[in-house]
Amino acid sequence: MSKTVTPLPVPEPQQLIDAATLGKFVRARRTQAGMTIHEAAAFCGVAVGTLGKIETAGGDVKLSSILNICAMLGITISIEAREN
């Protein structure tokens, strides 16, 4: 029996200021796709623990894993230089 996934709303676009902000976007996109964390991890080619760390801002994760997960879930990250 598969687990029912309740879609979460995607937060409004905002400046990426911390890991928790990224985690909210990742979890929202995953749940909107109807995927459990196990299904999404397999889809993105990462360990469940890695995806869990990103969603909960619970630890360090390789940048390549973050970029891959965002690409697979349809999340765009943009960067720019800021004035000092």
# chains A, B, ... in the order shown; residues from 1 in each chain; ligands from 1
call {"tool": "residues_around", "arguments": {"residues": "Pro7 (chain A)", "least_positions_apart": "2", "cutoff": "8 Å", "atoms": "only C-alpha atoms", "output": "list in words"}}
result
Val5, Pro9, Ala28, Thr31, Gln32, Ala33 and Gly34 of chain A
call {"tool": "write_last_selection", "arguments": {"atoms": "C-alpha atoms", "output": "PDB file, in the first residue's frame"}}
result
ATOM      1  CA  VAL A   5       1.250  12.429  -0.104  1.00  0.00           C
ATOM      2  CA  PRO A   9       1.951  24.972  -1.369  1.00  0.00           C
ATOM      3  CA  ALA A  28       6.704  21.512  -1.598  1.00  0.00           C
ATOM      4  CA  THR A  31       4.750  16.709  -2.446  1.00  0.00           C
ATOM      5  CA  GLN A  32       3.105  18.506  -5.358  1.00  0.00           C
ATOM      6  CA  ALA A  33       4.562  15.821  -7.607  1.00  0.00           C
ATOM      7  CA  GLY A  34       2.867  13.263  -5.354  1.00  0.00           C
TER       8      GLY A  34
END
call {"tool": "select_by_dssp", "arguments": {"residues": "chain A", "states": "alpha helix (DSSP H)", "output": "VMD selection string"}}
result
chain A and resid 19 to 32 37 to 44 48 to 56 63 to 73
call {"tool": "closest_residue", "arguments": {"among": "A:Ile37, A:Leu16, A:Ile54, A:Ala47", "to": "Glu80 (chain A)", "atoms": "only C-alpha atoms"}}
result
A:Leu16
call {"tool": "closest_residue", "arguments": {"among": "A:Ala81, A:Gly74, A:Gly52, A:Cys44", "to": "Arg29 (chain A)", "atoms": "only C-alpha atoms"}}
result
A:Gly74
call {"tool": "closest_residue", "arguments": {"among": "A:Val26, A:Met35, A:Ala19, A:Ile79", "to": "Val61 (chain A)", "atoms": "only C-alpha atoms"}}
result
A:Ala19
call {"tool": "closest_residue", "arguments": {"among": "A:Leu22, A:Leu8, A:Ile77, A:Ile69", "to": "Ala42 (chain A)", "atoms": "only C-alpha atoms"}}
result
A:Ile69
